[in-house]
Amino acid sequence: MTNSNAVLYIVATPIGNLEDITIRALKILASVDVILCEDTRMTKRLLTRHEINTATISYHAYSKLSKVEQIIQLLKEGKKLALVSDAGTPGISDPGAELVSIIRRELVAEISDGSVKIESVPGPSALTASLSISGVPCANFIFLGFLPHKKGRETLFKEIVSSQRTCVFYESPHRIMKTLESLNTHFEFISSSAVGDYLDKPNKKVTVCRELTKVFEEVVGGSAGVVLDYFSKNFDKVRGEFVVIVSNL
Ligand code: SAM
């Protein structure tokens, strides 16, 4: 029989600066029975910094169904669990969405009678952090996560450069230069073609947010060509973590 206190907390953790964690998140991480971690070693750094000794188990993108069943069993036993990813908000280009979906399906009765809860413990995400300091219009935007490496990639670039909405996506240091080159090529095409005339030649800006909340945090904005030129000339900065925003000026 299900105990009535089971909770799965979805806890946001820092995206760089280990002090970027809410008081509530720290209290919850210290008080739950188990923390489900994308990478237990990564999370241990955070827990050690905040003197938290809670038990951890791994839950990551390649976890088997048996791990999900184990988590469901813990909830059925009335345990309190917290899910964290390596950085930021679980489920946002990180493991979590599928686990929550399965739990909502498998424990539908327990969730509806309130004996199992899934609660958010909001906090940092590179998505919101980047938009908040970019200065670009973001009353509405499209978030694309990581772009596909091959299939559909060029089609997406076409959509991004012609979109009237701000588009945001995550990028790795290995692909950022290729991405900036592709954006530049697509922008050159659009502004020299009938498509560009049709779109009234939108004035587009590319903003790259790098290493947010860390020592080398920086924001570089301008035309795709200008941003590409900047990183070509400052190749030592083609490292770390990147968010790319394409917007109307
Ligand atoms: N769940 C995370 C979130 O809420 O932001 C995102 C996880 S995703 C696996 C990792 C990607 O997020 C990185 O490749 C980078 O694109 C972006 N990212 C994470 N931390 C960042 C940071 N400090 N500065 C810039 N981008 C970051």
# chains A, B, ... in the order shown; residues from 1 in each chain; ligands from 1
>>> select_by_dssp(residues="segment 79-131 of chain A", states="alpha helix (DSSP H)", output="list in words")
Ala97, Glu98, Leu99, Val100, Ser101, Ile102, Ile103, Arg104, Arg105, Glu106, Val108, Ala109, Glu110, Ile111, Ser112, Ala126, Leu127, Thr128, Ala129, Ser130 and Leu131 of chain A
>>> write_last_selection(atoms="N, CA, C and O atoms", output="PDB file, in the first residue's frame")
ATOM      1  N   ALA A  97      12.586  14.287 -18.281  1.00  0.00           N
ATOM      2  CA  ALA A  97      11.243  14.357 -18.870  1.00  0.00           C
ATOM      3  C   ALA A  97      10.614  12.964 -18.994  1.00  0.00           C
ATOM      4  O   ALA A  97       9.443  12.759 -18.656  1.00  0.00           O
ATOM      5  N   GLU A  98      11.418  11.995 -19.438  1.00  0.00           N
ATOM      6  CA  GLU A  98      10.868  10.655 -19.650  1.00  0.00           C
ATOM      7  C   GLU A  98      10.502  10.002 -18.313  1.00  0.00           C
ATOM      8  O   GLU A  98       9.452   9.363 -18.184  1.00  0.00           O
ATOM      9  N   LEU A  99      11.365  10.197 -17.318  1.00  0.00           N
ATOM     10  CA  LEU A  99      11.092   9.630 -15.994  1.00  0.00           C
ATOM     11  C   LEU A  99       9.783  10.187 -15.442  1.00  0.00           C
ATOM     12  O   LEU A  99       8.920   9.442 -14.972  1.00  0.00           O
ATOM     13  N   VAL A 100       9.633  11.500 -15.537  1.00  0.00           N
ATOM     14  CA  VAL A 100       8.409  12.133 -15.016  1.00  0.00           C
ATOM     15  C   VAL A 100       7.191  11.606 -15.786  1.00  0.00           C
ATOM     16  O   VAL A 100       6.151  11.307 -15.202  1.00  0.00           O
ATOM     17  N   SER A 101       7.360  11.476 -17.093  1.00  0.00           N
ATOM     18  CA  SER A 101       6.251  11.002 -17.915  1.00  0.00           C
ATOM     19  C   SER A 101       5.830   9.585 -17.504  1.00  0.00           C
ATOM     20  O   SER A 101       4.626   9.293 -17.342  1.00  0.00           O
ATOM     21  N   ILE A 102       6.816   8.703 -17.304  1.00  0.00           N
ATOM     22  CA  ILE A 102       6.481   7.316 -16.928  1.00  0.00           C
ATOM     23  C   ILE A 102       5.815   7.290 -15.549  1.00  0.00           C
ATOM     24  O   ILE A 102       4.813   6.592 -15.331  1.00  0.00           O
ATOM     25  N   ILE A 103       6.364   8.074 -14.617  1.00  0.00           N
ATOM     26  CA  ILE A 103       5.778   8.084 -13.263  1.00  0.00           C
ATOM     27  C   ILE A 103       4.335   8.609 -13.314  1.00  0.00           C
ATOM     28  O   ILE A 103       3.431   8.061 -12.685  1.00  0.00           O
ATOM     29  N   ARG A 104       4.123   9.650 -14.087  1.00  0.00           N
ATOM     30  CA  ARG A 104       2.749  10.191 -14.197  1.00  0.00           C
ATOM     31  C   ARG A 104       1.790   9.153 -14.770  1.00  0.00           C
ATOM     32  O   ARG A 104       0.621   9.112 -14.434  1.00  0.00           O
ATOM     33  N   ARG A 105       2.333   8.318 -15.664  1.00  0.00           N
ATOM     34  CA  ARG A 105       1.475   7.280 -16.280  1.00  0.00           C
ATOM     35  C   ARG A 105       1.272   6.102 -15.327  1.00  0.00           C
ATOM     36  O   ARG A 105       0.158   5.644 -15.113  1.00  0.00           O
ATOM     37  N   GLU A 106       2.379   5.634 -14.731  1.00  0.00           N
ATOM     38  CA  GLU A 106       2.321   4.417 -13.894  1.00  0.00           C
ATOM     39  C   GLU A 106       1.650   4.663 -12.541  1.00  0.00           C
ATOM     40  O   GLU A 106       1.077   3.752 -11.960  1.00  0.00           O
ATOM     41  N   VAL A 108      -0.688   6.991 -11.814  1.00  0.00           N
ATOM     42  CA  VAL A 108      -1.757   7.973 -12.047  1.00  0.00           C
ATOM     43  C   VAL A 108      -2.737   8.027 -10.860  1.00  0.00           C
ATOM     44  O   VAL A 108      -3.151   9.109 -10.432  1.00  0.00           O
ATOM     45  N   ALA A 109      -3.065   6.860 -10.294  1.00  0.00           N
ATOM     46  CA  ALA A 109      -4.024   6.833  -9.174  1.00  0.00           C
ATOM     47  C   ALA A 109      -3.427   7.508  -7.945  1.00  0.00           C
ATOM     48  O   ALA A 109      -4.086   8.333  -7.284  1.00  0.00           O
ATOM     49  N   GLU A 110      -2.154   7.171  -7.652  1.00  0.00           N
ATOM     50  CA  GLU A 110      -1.483   7.733  -6.469  1.00  0.00           C
ATOM     51  C   GLU A 110      -1.300   9.249  -6.611  1.00  0.00           C
ATOM     52  O   GLU A 110      -1.409   9.993  -5.624  1.00  0.00           O
ATOM     53  N   ILE A 111      -1.028   9.675  -7.851  1.00  0.00           N
ATOM     54  CA  ILE A 111      -0.852  11.118  -8.056  1.00  0.00           C
ATOM     55  C   ILE A 111      -2.197  11.827  -7.908  1.00  0.00           C
ATOM     56  O   ILE A 111      -2.297  12.886  -7.292  1.00  0.00           O
ATOM     57  N   SER A 112      -3.247  11.193  -8.436  1.00  0.00           N
ATOM     58  CA  SER A 112      -4.538  11.880  -8.347  1.00  0.00           C
ATOM     59  C   SER A 112      -5.098  11.888  -6.918  1.00  0.00           C
ATOM     60  O   SER A 112      -5.800  12.822  -6.536  1.00  0.00           O
ATOM     61  N   ALA A 126      20.417  27.459 -18.228  1.00  0.00           N
ATOM     62  CA  ALA A 126      21.188  28.268 -19.184  1.00  0.00           C
ATOM     63  C   ALA A 126      20.238  28.983 -20.146  1.00  0.00           C
ATOM     64  O   ALA A 126      20.549  30.071 -20.639  1.00  0.00           O
ATOM     65  N   LEU A 127      19.076  28.381 -20.390  1.00  0.00           N
ATOM     66  CA  LEU A 127      18.095  28.989 -21.292  1.00  0.00           C
ATOM     67  C   LEU A 127      17.637  30.355 -20.773  1.00  0.00           C
ATOM     68  O   LEU A 127      17.758  31.375 -21.465  1.00  0.00           O
ATOM     69  N   THR A 128      17.130  30.387 -19.561  1.00  0.00           N
ATOM     70  CA  THR A 128      16.606  31.651 -19.026  1.00  0.00           C
ATOM     71  C   THR A 128      17.742  32.608 -18.660  1.00  0.00           C
ATOM     72  O   THR A 128      17.616  33.824 -18.829  1.00  0.00           O
ATOM     73  N   ALA A 129      18.853  32.055 -18.166  1.00  0.00           N
ATOM     74  CA  ALA A 129      19.986  32.928 -17.804  1.00  0.00           C
ATOM     75  C   ALA A 129      20.481  33.679 -19.034  1.00  0.00           C
ATOM     76  O   ALA A 129      20.733  34.890 -18.981  1.00  0.00           O
ATOM     77  N   SER A 130      20.598  32.978 -20.165  1.00  0.00           N
ATOM     78  CA  SER A 130      21.128  33.628 -21.377  1.00  0.00           C
ATOM     79  C   SER A 130      20.156  34.688 -21.888  1.00  0.00           C
ATOM     80  O   SER A 130      20.556  35.816 -22.200  1.00  0.00           O
ATOM     81  N   LEU A 131      18.883  34.351 -21.924  1.00  0.00           N
ATOM     82  CA  LEU A 131      17.903  35.329 -22.420  1.00  0.00           C
ATOM     83  C   LEU A 131      17.886  36.573 -21.522  1.00  0.00           C
ATOM     84  O   LEU A 131      17.768  37.701 -22.004  1.00  0.00           O
TER      85      LEU A 131
END
>>> select_by_dssp(residues="segment 7-226 of chain A", states="strand (DSSP E)", output="MDAnalysis selection string")
chainID A and resid 7:11 34:37 55:58 80:84 116:121 141:146 166:171 204:210 218:222
>>> residues_near_ligand(ligand="ligand 1", cutoff="7 Å", atoms="only C-alpha atoms and all ligand atoms", output="ChimeraX atom specification")
/A:15-16,85,87-94,124-127,170-172,209-214,241-243
>>> residues_around(residues="Val161 of chain A", least_positions_apart="3", cutoff="7 Å", atoms="only C-alpha atoms", output="compact mmCIF listing (two decimals) with C-alpha atoms, in the first residue's frame")
# COMPACT_ATOMS: atom_id res chain seq x y z
CA PHE A 157 19.13 26.81 -39.89
CA LYS A 158 16.87 27.97 -42.72
CA HIS A 186 22.22 31.18 -44.46
CA PHE A 187 21.97 34.88 -43.58
>>> residues_around(residues="Ala82 of chain A", least_positions_apart="3", cutoff="10 Å", atoms="only C-alpha atoms", output="PDB file with N, CA and C atoms, in the first residue's frame")
ATOM      1  N   VAL A   7       7.333  11.892  -2.516  1.00  0.00           N
ATOM      2  CA  VAL A   7       7.498  13.053  -3.398  1.00  0.00           C
ATOM      3  C   VAL A   7       8.714  12.828  -4.289  1.00  0.00           C
ATOM      4  N   LEU A   8       8.571  13.214  -5.534  1.00  0.00           N
ATOM      5  CA  LEU A   8       9.735  13.339  -6.409  1.00  0.00           C
ATOM      6  C   LEU A   8       9.907  14.834  -6.667  1.00  0.00           C
ATOM      7  N   TYR A   9      10.974  15.390  -6.122  1.00  0.00           N
ATOM      8  CA  TYR A   9      11.276  16.803  -6.369  1.00  0.00           C
ATOM      9  C   TYR A   9      12.186  16.899  -7.595  1.00  0.00           C
ATOM     10  N   ILE A  10      11.842  17.793  -8.508  1.00  0.00           N
ATOM     11  CA  ILE A  10      12.697  18.051  -9.669  1.00  0.00           C
ATOM     12  C   ILE A  10      13.482  19.321  -9.335  1.00  0.00           C
ATOM     13  N   VAL A  11      14.756  19.141  -9.031  1.00  0.00           N
ATOM     14  CA  VAL A  11      15.537  20.224  -8.419  1.00  0.00           C
ATOM     15  C   VAL A  11      16.544  20.825  -9.403  1.00  0.00           C
ATOM     16  N   ALA A  12      16.434  22.135  -9.602  1.00  0.00           N
ATOM     17  CA  ALA A  12      17.424  22.824 -10.450  1.00  0.00           C
ATOM     18  C   ALA A  12      18.690  23.075  -9.643  1.00  0.00           C
ATOM     19  N   ALA A  25      16.062  24.450  -2.338  1.00  0.00           N
ATOM     20  CA  ALA A  25      16.720  23.304  -2.974  1.00  0.00           C
ATOM     21  C   ALA A  25      17.700  22.650  -1.998  1.00  0.00           C
ATOM     22  N   ILE A  28      15.839  20.683   0.619  1.00  0.00           N
ATOM     23  CA  ILE A  28      15.261  19.448   0.072  1.00  0.00           C
ATOM     24  C   ILE A  28      16.356  18.413  -0.188  1.00  0.00           C
ATOM     25  N   LEU A  29      17.475  18.845  -0.770  1.00  0.00           N
ATOM     26  CA  LEU A  29      18.554  17.890  -1.038  1.00  0.00           C
ATOM     27  C   LEU A  29      19.088  17.284   0.268  1.00  0.00           C
ATOM     28  N   ALA A  30      19.049  18.081   1.323  1.00  0.00           N
ATOM     29  CA  ALA A  30      19.546  17.582   2.616  1.00  0.00           C
ATOM     30  C   ALA A  30      18.545  16.661   3.310  1.00  0.00           C
ATOM     31  N   SER A  31      17.273  16.758   2.933  1.00  0.00           N
ATOM     32  CA  SER A  31      16.267  16.025   3.714  1.00  0.00           C
ATOM     33  C   SER A  31      15.643  14.822   2.991  1.00  0.00           C
ATOM     34  N   VAL A  32      15.832  14.721   1.677  1.00  0.00           N
ATOM     35  CA  VAL A  32      15.209  13.584   0.984  1.00  0.00           C
ATOM     36  C   VAL A  32      15.935  12.281   1.344  1.00  0.00           C
ATOM     37  N   ASP A  33      15.286  11.154   1.020  1.00  0.00           N
ATOM     38  CA  ASP A  33      15.912   9.857   1.283  1.00  0.00           C
ATOM     39  C   ASP A  33      17.033   9.570   0.295  1.00  0.00           C
ATOM     40  N   VAL A  34      16.784   9.917  -0.975  1.00  0.00           N
ATOM     41  CA  VAL A  34      17.776   9.627  -2.021  1.00  0.00           C
ATOM     42  C   VAL A  34      17.768  10.745  -3.059  1.00  0.00           C
ATOM     43  N   ILE A  35      18.955  11.068  -3.569  1.00  0.00           N
ATOM     44  CA  ILE A  35      19.049  12.004  -4.707  1.00  0.00           C
ATOM     45  C   ILE A  35      19.380  11.193  -5.961  1.00  0.00           C
ATOM     46  N   LEU A  36      18.560  11.353  -6.984  1.00  0.00           N
ATOM     47  CA  LEU A  36      18.815  10.703  -8.276  1.00  0.00           C
ATOM     48  C   LEU A  36      19.665  11.659  -9.099  1.00  0.00           C
ATOM     49  N   CYS A  37      20.869  11.215  -9.473  1.00  0.00           N
ATOM     50  CA  CYS A  37      21.826  12.133 -10.120  1.00  0.00           C
ATOM     51  C   CYS A  37      22.133  11.677 -11.539  1.00  0.00           C
ATOM     52  N   THR A  56      23.033   8.980  -2.773  1.00  0.00           N
ATOM     53  CA  THR A  56      22.781   9.273  -4.190  1.00  0.00           C
ATOM     54  C   THR A  56      22.709   7.960  -4.978  1.00  0.00           C
ATOM     55  N   ILE A 118       4.725  15.076  -7.491  1.00  0.00           N
ATOM     56  CA  ILE A 118       5.917  15.488  -8.255  1.00  0.00           C
ATOM     57  C   ILE A 118       5.957  17.000  -8.143  1.00  0.00           C
ATOM     58  N   GLU A 119       7.014  17.512  -7.532  1.00  0.00           N
ATOM     59  CA  GLU A 119       7.069  18.961  -7.279  1.00  0.00           C
ATOM     60  C   GLU A 119       8.306  19.586  -7.907  1.00  0.00           C
ATOM     61  N   SER A 120       8.133  20.820  -8.381  1.00  0.00           N
ATOM     62  CA  SER A 120       9.279  21.520  -8.973  1.00  0.00           C
ATOM     63  C   SER A 120      10.001  22.335  -7.911  1.00  0.00           C
ATOM     64  N   VAL A 121      11.308  22.325  -8.026  1.00  0.00           N
ATOM     65  CA  VAL A 121      12.139  23.193  -7.181  1.00  0.00           C
ATOM     66  C   VAL A 121      12.956  24.028  -8.165  1.00  0.00           C
TER      67      VAL A 121
END
>>> residues_around(residues="Ala139 of chain A", least_positions_apart="4", cutoff="12 Å", atoms="only C-alpha atoms", output="list of chain:residue names")
A:Thr128, A:Leu131, A:Ser132, A:Gly135, A:Arg165, A:Thr166, A:Cys167, A:Ser247
>>> write_last_selection(atoms="C-alpha atoms", output="JSON list (two decimals), in the first residue's frame")
[["chain", "number", "residue", "atom", "x", "y", "z"],
["A", 128, "THR", "CA", 16.61, 31.65, -19.03],
["A", 131, "LEU", "CA", 17.90, 35.33, -22.42],
["A", 132, "SER", "CA", 17.90, 37.48, -19.28],
["A", 135, "GLY", "CA", 18.99, 42.20, -24.31],
["A", 165, "ARG", "CA", 10.61, 34.81, -33.27],
["A", 166, "THR", "CA", 13.74, 34.77, -31.17],
["A", 167, "CYS", "CA", 15.33, 31.31, -31.45],
["A", 247, "SER", "CA", 16.75, 37.39, -32.82]]
>>> atom_distance(atom1="atom CA of Ile57 of chain A", atom2="atom CA of Gly240 of chain A")
27.1 Å
